[in-house]
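Colleague: Structure: run.cif, mmCIF, C-alpha atoms and all ligand atoms.
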```cif
data_run
loop_
_atom_site.group_PDB
_atom_site.id
_atom_site.type_symbol
_atom_site.label_atom_id
_atom_site.label_comp_id
_atom_site.auth_asym_id
_atom_site.auth_seq_id
_atom_site.Cartn_x
_atom_site.Cartn_y
_atom_site.Cartn_z
ATOM 1 C CA MET X 1 -50.279 156.870 31.777
ATOM 2 C CA LYS X 2 -49.208 158.981 34.757
ATOM 3 C CA ARG X 3 -48.971 156.953 37.918
ATOM 4 C CA PRO X 4 -50.786 158.161 41.049
ATOM 5 C CA GLN X 5 -48.876 159.593 43.958
ATOM 6 C CA ALA X 6 -49.358 158.006 47.386
ATOM 7 C CA ILE X 7 -48.927 160.363 50.339
ATOM 8 C CA ALA X 8 -48.777 159.068 53.925
ATOM 9 C CA ILE X 9 -49.915 161.334 56.740
ATOM 10 C CA THR X 10 -48.476 160.142 60.008
ATOM 11 C CA SER X 11 -47.368 161.258 63.468
ATOM 12 C CA GLY X 12 -45.574 160.064 66.561
ATOM 13 C CA LYS X 13 -48.171 161.163 69.092
ATOM 14 C CA GLY X 14 -51.882 160.478 68.620
ATOM 15 C CA GLY X 15 -54.571 163.108 68.284
ATOM 16 C CA VAL X 16 -52.362 165.719 66.579
ATOM 17 C CA GLY X 17 -54.620 166.244 63.550
ATOM 18 C CA LYS X 18 -53.665 163.592 60.955
ATOM 19 C CA THR X 19 -57.199 162.597 60.000
ATOM 20 C CA ASN X 20 -58.391 166.172 59.627
ATOM 21 C CA LEU X 21 -55.370 167.028 57.487
ATOM 22 C CA SER X 22 -55.833 163.846 55.406
ATOM 23 C CA VAL X 23 -59.502 164.405 54.681
ATOM 24 C CA ASN X 24 -59.307 168.140 54.052
ATOM 25 C CA LEU X 25 -56.110 167.930 52.004
ATOM 26 C CA ALA X 26 -57.690 165.169 49.895
ATOM 27 C CA LEU X 27 -60.783 167.278 49.357
ATOM 28 C CA ALA X 28 -58.686 170.321 48.459
ATOM 29 C CA LEU X 29 -56.761 168.276 45.854
ATOM 30 C CA GLN X 30 -60.026 166.877 44.485
ATOM 31 C CA ARG X 31 -61.339 170.422 44.084
ATOM 32 C CA ASN X 32 -58.185 171.189 42.079
ATOM 33 C CA SER X 33 -59.404 168.817 39.368
ATOM 34 C CA LYS X 34 -57.531 165.805 40.706
ATOM 35 C CA ASN X 35 -59.048 162.402 41.384
ATOM 36 C CA VAL X 36 -58.269 161.519 44.958
ATOM 37 C CA ALA X 37 -58.884 158.603 47.314
ATOM 38 C CA VAL X 38 -58.326 158.540 51.067
ATOM 39 C CA PHE X 39 -57.268 155.216 52.578
ATOM 40 C CA ASP X 40 -58.088 155.086 56.281
ATOM 41 C CA ALA X 41 -55.036 153.085 57.294
ATOM 42 C CA ASP X 42 -55.759 153.549 60.999
ATOM 43 C CA LEU X 43 -57.295 150.152 60.420
ATOM 44 C CA ALA X 44 -58.570 149.278 63.866
ATOM 45 C CA LEU X 45 -59.683 152.748 64.988
ATOM 46 C CA ALA X 46 -60.884 154.165 61.722
ATOM 47 C CA ASN X 47 -62.712 157.490 61.728
ATOM 48 C CA ALA X 48 -61.934 159.272 58.448
ATOM 49 C CA HIS X 49 -65.495 158.498 57.286
ATOM 50 C CA LEU X 50 -66.829 160.497 60.248
ATOM 51 C CA VAL X 51 -64.609 163.506 59.538
ATOM 52 C CA LEU X 52 -65.635 163.269 55.880
ATOM 53 C CA GLY X 53 -69.304 162.841 56.750
ATOM 54 C CA CYS X 54 -69.946 159.661 54.793
ATOM 55 C CA ARG X 55 -71.426 156.317 55.730
ATOM 56 C CA ALA X 56 -68.863 153.538 55.483
ATOM 57 C CA SER X 57 -71.226 150.947 54.042
ATOM 58 C CA ARG X 58 -68.247 148.774 53.131
ATOM 59 C CA THR X 59 -64.760 148.853 54.588
ATOM 60 C CA ILE X 60 -61.312 147.440 53.947
ATOM 61 C CA VAL X 61 -62.378 144.548 56.193
ATOM 62 C CA ASP X 62 -64.695 143.334 53.386
ATOM 63 C CA ALA X 63 -61.750 143.396 50.986
ATOM 64 C CA ILE X 64 -59.344 141.720 53.444
ATOM 65 C CA SER X 65 -61.794 138.919 54.076
ATOM 66 C CA GLY X 66 -62.226 138.391 50.343
ATOM 67 C CA ARG X 67 -65.948 139.273 50.382
ATOM 68 C CA CYS X 68 -65.363 141.828 47.620
ATOM 69 C CA ALA X 69 -62.694 143.636 45.621
ATOM 70 C CA VAL X 70 -61.149 146.938 46.763
ATOM 71 C CA GLN X 71 -62.986 148.588 43.846
ATOM 72 C CA ASP X 72 -66.245 147.638 45.547
ATOM 73 C CA VAL X 73 -65.350 149.116 48.944
ATOM 74 C CA LEU X 74 -64.749 152.604 47.549
ATOM 75 C CA VAL X 75 -67.211 154.935 49.270
ATOM 76 C CA SER X 76 -68.162 158.190 47.510
ATOM 77 C CA GLY X 77 -67.561 161.365 49.470
ATOM 78 C CA PRO X 78 -68.059 165.076 48.763
ATOM 79 C CA SER X 79 -67.062 166.360 45.297
ATOM 80 C CA GLY X 80 -66.466 162.817 44.061
ATOM 81 C CA LEU X 81 -63.675 162.125 46.569
ATOM 82 C CA LYS X 82 -63.295 158.392 47.241
ATOM 83 C CA LEU X 83 -62.721 156.731 50.601
ATOM 84 C CA ILE X 84 -61.425 153.300 51.501
ATOM 85 C CA ALA X 85 -62.769 153.120 55.026
ATOM 86 C CA GLY X 86 -61.051 151.224 57.822
ATOM 87 C CA GLY X 87 -62.594 148.974 60.443
ATOM 88 C CA SER X 88 -63.417 149.649 64.048
ATOM 89 C CA GLY X 89 -62.541 147.775 67.201
ATOM 90 C CA LEU X 90 -61.294 144.669 65.406
ATOM 91 C CA ALA X 91 -58.191 143.406 67.170
ATOM 92 C CA GLU X 92 -57.076 141.337 64.183
ATOM 93 C CA LEU X 93 -56.621 144.540 62.176
ATOM 94 C CA MET X 94 -53.930 145.696 64.591
ATOM 95 C CA SER X 95 -51.835 142.571 64.166
ATOM 96 C CA LEU X 96 -52.047 141.787 60.469
ATOM 97 C CA SER X 97 -49.462 139.412 59.068
ATOM 98 C CA ASP X 98 -46.844 140.853 56.697
ATOM 99 C CA ASP X 99 -48.492 138.952 53.846
ATOM 100 C CA LYS X 100 -51.903 140.389 54.633
ATOM 101 C CA ARG X 101 -50.493 143.923 54.681
ATOM 102 C CA GLN X 102 -48.709 143.397 51.379
ATOM 103 C CA SER X 103 -51.879 142.010 49.858
ATOM 104 C CA ILE X 104 -53.827 145.091 51.017
ATOM 105 C CA ILE X 105 -51.173 147.299 49.379
ATOM 106 C CA SER X 106 -51.242 145.404 46.121
ATOM 107 C CA SER X 107 -55.044 145.238 46.007
ATOM 108 C CA ILE X 108 -55.281 149.012 46.526
ATOM 109 C CA SER X 109 -52.897 149.429 43.584
ATOM 110 C CA SER X 110 -55.754 148.222 41.369
ATOM 111 C CA ILE X 111 -57.513 151.592 41.713
ATOM 112 C CA ALA X 112 -54.533 153.367 40.095
ATOM 113 C CA PRO X 113 -56.306 154.117 36.796
ATOM 114 C CA GLN X 114 -59.045 155.971 38.692
ATOM 115 C CA ILE X 115 -56.927 158.319 40.795
ATOM 116 C CA ASP X 116 -54.142 160.892 40.787
ATOM 117 C CA TYR X 117 -53.509 160.881 44.547
ATOM 118 C CA LEU X 118 -53.948 158.367 47.355
ATOM 119 C CA ILE X 119 -53.894 159.973 50.798
ATOM 120 C CA VAL X 120 -53.022 157.394 53.449
ATOM 121 C CA ASP X 121 -54.193 158.384 56.926
ATOM 122 C CA THR X 122 -52.118 156.216 59.261
ATOM 123 C CA ALA X 123 -52.370 155.391 62.942
ATOM 124 C CA ALA X 124 -50.011 157.236 65.306
ATOM 125 C CA GLY X 125 -46.722 155.662 66.314
ATOM 126 C CA VAL X 126 -44.558 153.013 64.715
ATOM 127 C CA GLU X 127 -46.478 149.766 64.761
ATOM 128 C CA ASP X 128 -45.854 147.479 61.759
ATOM 129 C CA ASN X 129 -49.002 148.661 59.942
ATOM 130 C CA VAL X 130 -47.712 152.240 60.029
ATOM 131 C CA ILE X 131 -44.201 151.331 58.856
ATOM 132 C CA ASP X 132 -45.411 149.231 55.926
ATOM 133 C CA PHE X 133 -48.058 151.673 54.755
ATOM 134 C CA VAL X 134 -45.631 154.594 54.988
ATOM 135 C CA ALA X 135 -42.981 152.558 53.145
ATOM 136 C CA ALA X 136 -45.488 151.965 50.356
ATOM 137 C CA CYS X 137 -46.027 155.703 49.837
ATOM 138 C CA ASP X 138 -44.061 158.102 47.648
ATOM 139 C CA ARG X 139 -43.963 160.877 50.196
ATOM 140 C CA VAL X 140 -44.652 161.175 53.878
ATOM 141 C CA ILE X 141 -46.057 164.100 55.808
ATOM 142 C CA VAL X 142 -45.381 164.032 59.557
ATOM 143 C CA VAL X 143 -47.782 166.136 61.632
ATOM 144 C CA VAL X 144 -46.190 167.721 64.704
ATOM 145 C CA VAL X 145 -47.514 170.037 67.381
ATOM 146 C CA GLY X 146 -45.338 172.297 69.504
ATOM 147 C CA GLU X 147 -45.285 170.290 72.716
ATOM 148 C CA PRO X 148 -42.198 168.558 74.129
ATOM 149 C CA THR X 149 -43.956 165.169 74.246
ATOM 150 C CA ALA X 150 -45.027 165.525 70.609
ATOM 151 C CA PHE X 151 -41.436 166.416 69.625
ATOM 152 C CA VAL X 152 -40.085 163.310 71.339
ATOM 153 C CA ASP X 153 -42.690 161.078 69.684
ATOM 154 C CA ALA X 154 -42.296 162.678 66.229
ATOM 155 C CA TYR X 155 -38.500 162.305 66.507
ATOM 156 C CA ALA X 156 -38.906 158.622 67.430
ATOM 157 C CA SER X 157 -41.260 158.078 64.482
ATOM 158 C CA ILE X 158 -38.883 159.663 61.980
ATOM 159 C CA LYS X 159 -35.991 157.660 63.422
ATOM 160 C CA VAL X 160 -37.845 154.345 63.081
ATOM 161 C CA LEU X 161 -39.248 155.194 59.638
ATOM 162 C CA HIS X 162 -35.761 156.135 58.471
ATOM 163 C CA GLN X 163 -34.217 152.966 59.913
ATOM 164 C CA GLU X 164 -36.927 150.630 58.682
ATOM 165 C CA THR X 165 -37.632 152.113 55.252
ATOM 166 C CA GLY X 166 -34.426 153.984 54.372
ATOM 167 C CA ARG X 167 -36.447 157.140 53.768
ATOM 168 C CA THR X 168 -34.437 160.356 54.109
ATOM 169 C CA GLN X 169 -36.990 163.035 53.085
ATOM 170 C CA PHE X 170 -39.874 163.999 55.334
ATOM 171 C CA ASP X 171 -42.460 166.733 54.869
ATOM 172 C CA ILE X 172 -43.554 168.410 58.091
ATOM 173 C CA VAL X 173 -46.859 170.113 58.884
ATOM 174 C CA VAL X 174 -47.004 171.986 62.181
ATOM 175 C CA ASN X 175 -50.534 171.831 63.565
ATOM 176 C CA ARG X 176 -52.227 173.954 66.221
ATOM 177 C CA ALA X 177 -49.732 176.803 65.901
ATOM 178 C CA THR X 178 -50.701 180.252 67.165
ATOM 179 C CA ASN X 179 -49.738 181.801 63.817
ATOM 180 C CA ASP X 180 -47.399 181.255 60.857
ATOM 181 C CA THR X 181 -44.402 182.756 62.650
ATOM 182 C CA GLN X 182 -44.836 180.413 65.592
ATOM 183 C CA GLY X 183 -45.319 177.527 63.131
ATOM 184 C CA ILE X 184 -41.941 178.304 61.546
ATOM 185 C CA GLN X 185 -40.302 178.560 64.988
ATOM 186 C CA ILE X 186 -41.738 175.186 66.026
ATOM 187 C CA PHE X 187 -40.508 173.637 62.781
ATOM 188 C CA GLN X 188 -37.016 175.105 63.227
ATOM 189 C CA ARG X 189 -36.780 173.861 66.821
ATOM 190 C CA PHE X 190 -37.887 170.396 65.745
ATOM 191 C CA GLN X 191 -35.584 170.342 62.712
ATOM 192 C CA ALA X 192 -32.578 171.330 64.830
ATOM 193 C CA ILE X 193 -33.124 168.302 67.069
ATOM 194 C CA VAL X 194 -33.741 165.866 64.212
ATOM 195 C CA ILE X 195 -30.849 166.777 61.936
ATOM 196 C CA LYS X 196 -28.431 166.734 64.857
ATOM 197 C CA PHE X 197 -28.911 162.992 65.211
ATOM 198 C CA LEU X 198 -30.451 161.623 61.997
ATOM 199 C CA PRO X 199 -29.238 161.780 58.357
ATOM 200 C CA VAL X 200 -32.595 163.010 57.046
ATOM 201 C CA ALA X 201 -33.966 166.225 55.524
ATOM 202 C CA LEU X 202 -37.165 167.863 56.741
ATOM 203 C CA HIS X 203 -39.279 170.178 54.567
ATOM 204 C CA HIS X 204 -41.791 172.476 56.224
ATOM 205 C CA ILE X 205 -44.817 172.468 53.897
ATOM 206 C CA GLY X 206 -47.103 174.542 56.100
ATOM 207 C CA SER X 207 -48.599 175.268 59.496
ATOM 208 C CA ILE X 208 -52.244 174.997 60.535
ATOM 209 C CA PRO X 209 -53.383 177.388 63.251
ATOM 210 C CA ASN X 210 -55.292 176.293 66.295
ATOM 211 C CA ASP X 211 -58.834 177.030 65.169
ATOM 212 C CA GLU X 212 -61.960 176.241 67.143
ATOM 213 C CA ARG X 213 -63.913 176.041 63.878
ATOM 214 C CA LEU X 214 -62.013 172.869 63.019
ATOM 215 C CA GLY X 215 -63.381 171.286 66.214
ATOM 216 C CA ARG X 216 -66.867 172.567 65.361
ATOM 217 C CA ALA X 217 -66.643 171.049 61.866
ATOM 218 C CA VAL X 218 -65.613 167.688 63.381
ATOM 219 C CA SER X 219 -68.669 167.823 65.683
ATOM 220 C CA LYS X 220 -70.865 168.362 62.620
ATOM 221 C CA CYS X 221 -69.154 165.481 60.734
ATOM 222 C CA GLU X 222 -68.118 167.875 57.989
ATOM 223 C CA PRO X 223 -64.660 168.691 56.612
ATOM 224 C CA VAL X 224 -63.643 172.147 57.855
ATOM 225 C CA ILE X 225 -62.881 173.375 54.332
ATOM 226 C CA ASP X 226 -66.563 172.728 53.543
ATOM 227 C CA SER X 227 -68.115 174.041 56.767
ATOM 228 C CA PHE X 228 -65.880 177.056 57.230
ATOM 229 C CA PRO X 229 -63.979 177.725 53.996
ATOM 230 C CA ASP X 230 -62.744 181.093 55.258
ATOM 231 C CA ALA X 231 -61.509 179.798 58.614
ATOM 232 C CA PRO X 232 -57.743 180.173 59.118
ATOM 233 C CA ALA X 233 -57.352 176.366 59.408
ATOM 234 C CA SER X 234 -59.125 175.899 56.050
ATOM 235 C CA LYS X 235 -56.967 178.518 54.340
ATOM 236 C CA ALA X 236 -53.837 176.859 55.741
ATOM 237 C CA ILE X 237 -54.859 173.428 54.450
ATOM 238 C CA LEU X 238 -55.718 174.881 51.030
ATOM 239 C CA SER X 239 -52.251 176.371 50.803
ATOM 240 C CA ILE X 240 -50.657 173.051 51.846
ATOM 241 C CA ALA X 241 -52.602 171.495 48.939
ATOM 242 C CA GLN X 242 -50.982 174.033 46.592
ATOM 243 C CA VAL X 243 -47.536 173.035 47.878
ATOM 244 C CA VAL X 244 -48.357 169.364 47.298
ATOM 245 C CA LEU X 245 -49.632 170.098 43.784
ATOM 246 C CA ALA X 246 -46.521 172.110 42.946
ATOM 247 C CA SER X 247 -43.865 169.720 44.180
ATOM 248 C CA PRO X 248 -42.826 166.447 42.601
ATOM 249 C CA PRO X 249 -42.629 163.504 44.994
ATOM 250 C CA PRO X 250 -39.194 162.674 46.318
ATOM 251 C CA VAL X 251 -37.541 159.819 44.501
ATOM 252 C CA VAL X 252 -37.915 156.586 46.431
ATOM 253 C CA ASP X 253 -36.401 153.179 45.900
ATOM 254 C CA GLU X 254 -38.421 151.825 43.004
ATOM 255 C CA GLY X 255 -37.446 148.313 44.031
ATOM 256 C CA ALA X 256 -39.503 148.532 47.213
ATOM 257 C CA VAL X 257 -43.115 147.399 47.274
ATOM 258 C CA GLY X 258 -45.414 150.382 46.953
ATOM 259 C CA PHE X 259 -49.056 151.215 46.377
ATOM 260 C CA PHE X 260 -48.300 152.252 42.812
ATOM 261 C CA ARG X 261 -44.664 151.436 42.201
ATOM 262 C CA PRO X 262 -45.294 147.981 40.695
ATOM 263 C CA PHE X 263 -47.891 149.614 38.421
ATOM 264 C CA TYR X 264 -45.356 152.261 37.468
ATOM 265 C CA ASP X 265 -42.656 149.684 36.835
ATOM 266 C CA ARG X 266 -44.955 147.726 34.533
ATOM 267 C CA ASP X 267 -45.862 150.896 32.610
ATOM 268 C CA VAL X 268 -42.278 152.027 32.228
ATOM 269 C CA ALA X 269 -41.271 148.538 31.142
ATOM 270 C CA ALA X 270 -44.108 148.473 28.588
ATOM 271 C CA GLU X 271 -43.178 151.917 27.257
ATOM 272 C CA GLU X 272 -39.515 150.982 27.048
ATOM 273 C CA ALA X 273 -40.379 147.781 25.229
ATOM 274 C CA MET X 274 -42.411 149.746 22.656
ATOM 275 C CA SER X 275 -39.789 152.441 22.025
HETATM 276 N N1 LIG R 301 -55.854 172.999 63.984
HETATM 277 C C1 LIG R 301 -56.709 172.578 64.928
HETATM 278 N N2 LIG R 301 -57.416 173.469 65.656
HETATM 279 C C2 LIG R 301 -58.283 173.060 66.605
HETATM 280 N N3 LIG R 301 -58.505 171.779 66.931
HETATM 281 C C3 LIG R 301 -57.834 170.836 66.250
HETATM 282 C C4 LIG R 301 -56.897 171.177 65.213
HETATM 283 N N4 LIG R 301 -56.388 170.035 64.713
HETATM 284 C C5 LIG R 301 -56.971 169.021 65.395
HETATM 285 N N5 LIG R 301 -57.827 169.498 66.329
HETATM 286 C C6 LIG R 301 -58.634 168.727 67.288
HETATM 287 O O1 LIG R 301 -57.981 167.506 67.539
HETATM 288 C C7 LIG R 301 -58.880 166.431 67.308
HETATM 289 C C8 LIG R 301 -58.120 165.243 66.787
HETATM 290 O O2 LIG R 301 -57.794 165.463 65.425
HETATM 291 P P1 LIG R 301 -57.580 164.224 64.429
HETATM 292 O O3 LIG R 301 -58.613 163.195 64.643
HETATM 293 O O4 LIG R 301 -57.431 164.791 63.071
HETATM 294 O O5 LIG R 301 -56.180 163.692 64.986
HETATM 295 P P2 LIG R 301 -55.420 162.342 64.636
HETATM 296 O O6 LIG R 301 -53.972 162.673 64.653
HETATM 297 O O7 LIG R 301 -55.986 161.757 63.399
HETATM 298 O O8 LIG R 301 -55.801 161.421 65.874
HETATM 299 P P3 LIG R 301 -55.511 159.850 66.036
HETATM 300 O O9 LIG R 301 -54.046 159.726 66.358
HETATM 301 O O10 LIG R 301 -56.382 159.450 67.188
HETATM 302 O O11 LIG R 301 -55.879 159.204 64.746
HETATM 303 C C9 LIG R 301 -59.932 166.979 66.354
HETATM 304 O O12 LIG R 301 -61.163 166.301 66.501
HETATM 305 C C10 LIG R 301 -60.038 168.417 66.760
HETATM 306 O O13 LIG R 301 -60.953 168.538 67.837
HETATM 307 MG MG MG R 302 -56.741 159.833 62.999
#
```
Starting from the file, give its structure as structure tokens.
Modeller:
Amino acid sequence: MKRPQAIAITSGKGGVGKTNLSVNLALALQRNSKNVAVFDADLALANAHLVLGCRASRTIVDAISGRCAVQDVLVSGPSGLKLIAGGSGLAELMSLSDDKRQSIISSISSIAPQIDYLIVDTAAGVEDNVIDFVAACDRVIVVVVGEPTAFVDAYASIKVLHQETGRTQFDIVVNRATNDTQGIQIFQRFQAIVIKFLPVALHHIGSIPNDERLGRAVSKCEPVIDSFPDAPASKAILSIAQVVLASPPPVVDEGAVGFFRPFYDRDVAAEEAMS
């Protein structure tokens, strides 16, 4: 059995477009005949359900408290996309113990047989929740915008994620660019700063233009690729989905705890034992 791929979408600065990329990328992958779940890992300030336009009747809080299994908190979204919704305004979600976080990761691994991709929409910054959820993913997409403050914060995030998780490969999406050329220029400026000081590699997997239709879709509680499929932002996200579909995940330390790595290890061990 093929193991699912877990993709973290993160950023240094808040409000740069992670949730919109997460939800629309997930939907685009789902429409490419993949089974996809979004985990709203911005646990205390969750809003992916709003961007997706579904009612979060159950959330990860029900699973954390033991009221039900993760299987039972899966909310159905458009086109059969699944959502594990986060909580809202619960302080205890911001300061979870390491054990609690690891138990969330291992309980989410139980949905592996149902999905091909898990998109993990993290909070901004480098709090422990972000570091552990990113560490548990196979690849990480950092969303940057072309402002000096966003550069500083994105640099700091990559530095901490590299130091704390040993990760050396980062995918970059430039959001709110004027056009593709400016997106490439922003990426190159950011890359020049990062590789000067950190032993990591950045891969530019696409730019999303500033597009007022994305804001209008958010106001309607609809994913932009549904509301305005021909909008430049939608087309950009659809082409990022093609890049994701075409590229294998970077190899990560299989010894580390991951959403699906233990599952993978068990499978490989079983296959090896049978051969
Ligand atoms: N490409 C874009 N064009 C126009 N507006 C955008 C674009 N991307 C994001 N926005 C605006 O920025 C807002 C914030 O986006 P989003 O919620 O996806 O960011 P976030 O990084 O998840 O924020 P947070 O850090 O608070 O979780 C959106 O509601 C939308 O109004
Ligand atoms: Mg968000």
Colleague: Just how far from atom CA of X:Ala123 is atom CA of X:Lys13, in Å to one decimal?
Modeller: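 Distance between the two atoms: 9.4 Å.
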Colleague: Taking every listed atom of ligand LIG 301 (chain R) and adding 3 Å to each side, what centre and edge lengths in Å (one decimal) does the axis-aligned box have, as JSON?
Modeller:
```
{"center_x": -57.6, "center_y": 166.3, "center_z": 65.5, "size_x": 13.2, "size_y": 20.3, "size_z": 10.8}
```
Colleague: Here's the selection I'm unsure about, the PyMOL selection byres (((chain X and resi 214-231) around 6) and not hetatm); applied to the file above, which residues does it give, as a PyMOL selection string?
Modeller: chain X and resi 24+50-53+211-213+232-234
Colleague: Would you list the residues that come within 10 Å of ligand MG 302 (chain R)? Count only C-alpha atoms and all ligand atoms and give the answer as JSON, numbers by chain.
Modeller: {"X": [9, 10, 11, 14, 15, 16, 17, 18, 19, 20, 21, 22, 23, 40, 41, 42, 45, 46, 47, 48, 51, 121, 122, 123, 124]}
Colleague: Which residues, written as a PyMOL selection string, have at least one atom at most 6 Å from X:Gly12, with all atoms listed in the file counted and residues fewer than 3 positions away on the same chain left out?
Modeller: chain X and resi 124-125+153-154+157
Colleague: Taking the file as I've supplied it (selection: the PyMOL selection byres (((chain X and resi 61) around 9) and not hetatm)), which residues are included? Please answer as a JSON list (two decimals) with C-alpha atoms, in the coordinates of the input.
Modeller:
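So the final result, stored in expr23.json, reads:
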```
[["chain", "number", "residue", "atom", "x", "y", "z"],
["X", 43, "LEU", "CA", -57.30, 150.15, 60.42],
["X", 58, "ARG", "CA", -68.25, 148.77, 53.13],
["X", 59, "THR", "CA", -64.76, 148.85, 54.59],
["X", 60, "ILE", "CA", -61.31, 147.44, 53.95],
["X", 62, "ASP", "CA", -64.69, 143.33, 53.39],
["X", 63, "ALA", "CA", -61.75, 143.40, 50.99],
["X", 64, "ILE", "CA", -59.34, 141.72, 53.44],
["X", 65, "SER", "CA", -61.79, 138.92, 54.08],
["X", 66, "GLY", "CA", -62.23, 138.39, 50.34],
["X", 67, "ARG", "CA", -65.95, 139.27, 50.38],
["X", 85, "ALA", "CA", -62.77, 153.12, 55.03],
["X", 86, "GLY", "CA", -61.05, 151.22, 57.82],
["X", 87, "GLY", "CA", -62.59, 148.97, 60.44],
["X", 93, "LEU", "CA", -56.62, 144.54, 62.18]]
```
Colleague: Quick check, in Å to one decimal: how far apart do atom CA of X:Ala37 and atom CA of X:Ala56 lie?
Modeller: 13.9 Å
Colleague: Find the residue from X:Val38, X:Ala136, X:Ala44, X:Ile7 that sits nearest to X:Ala91; use only C-alpha atoms when measuring.
Modeller: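 Looking only at the distances to X:Ala91, the closest residue turns out to be X:Ala44.
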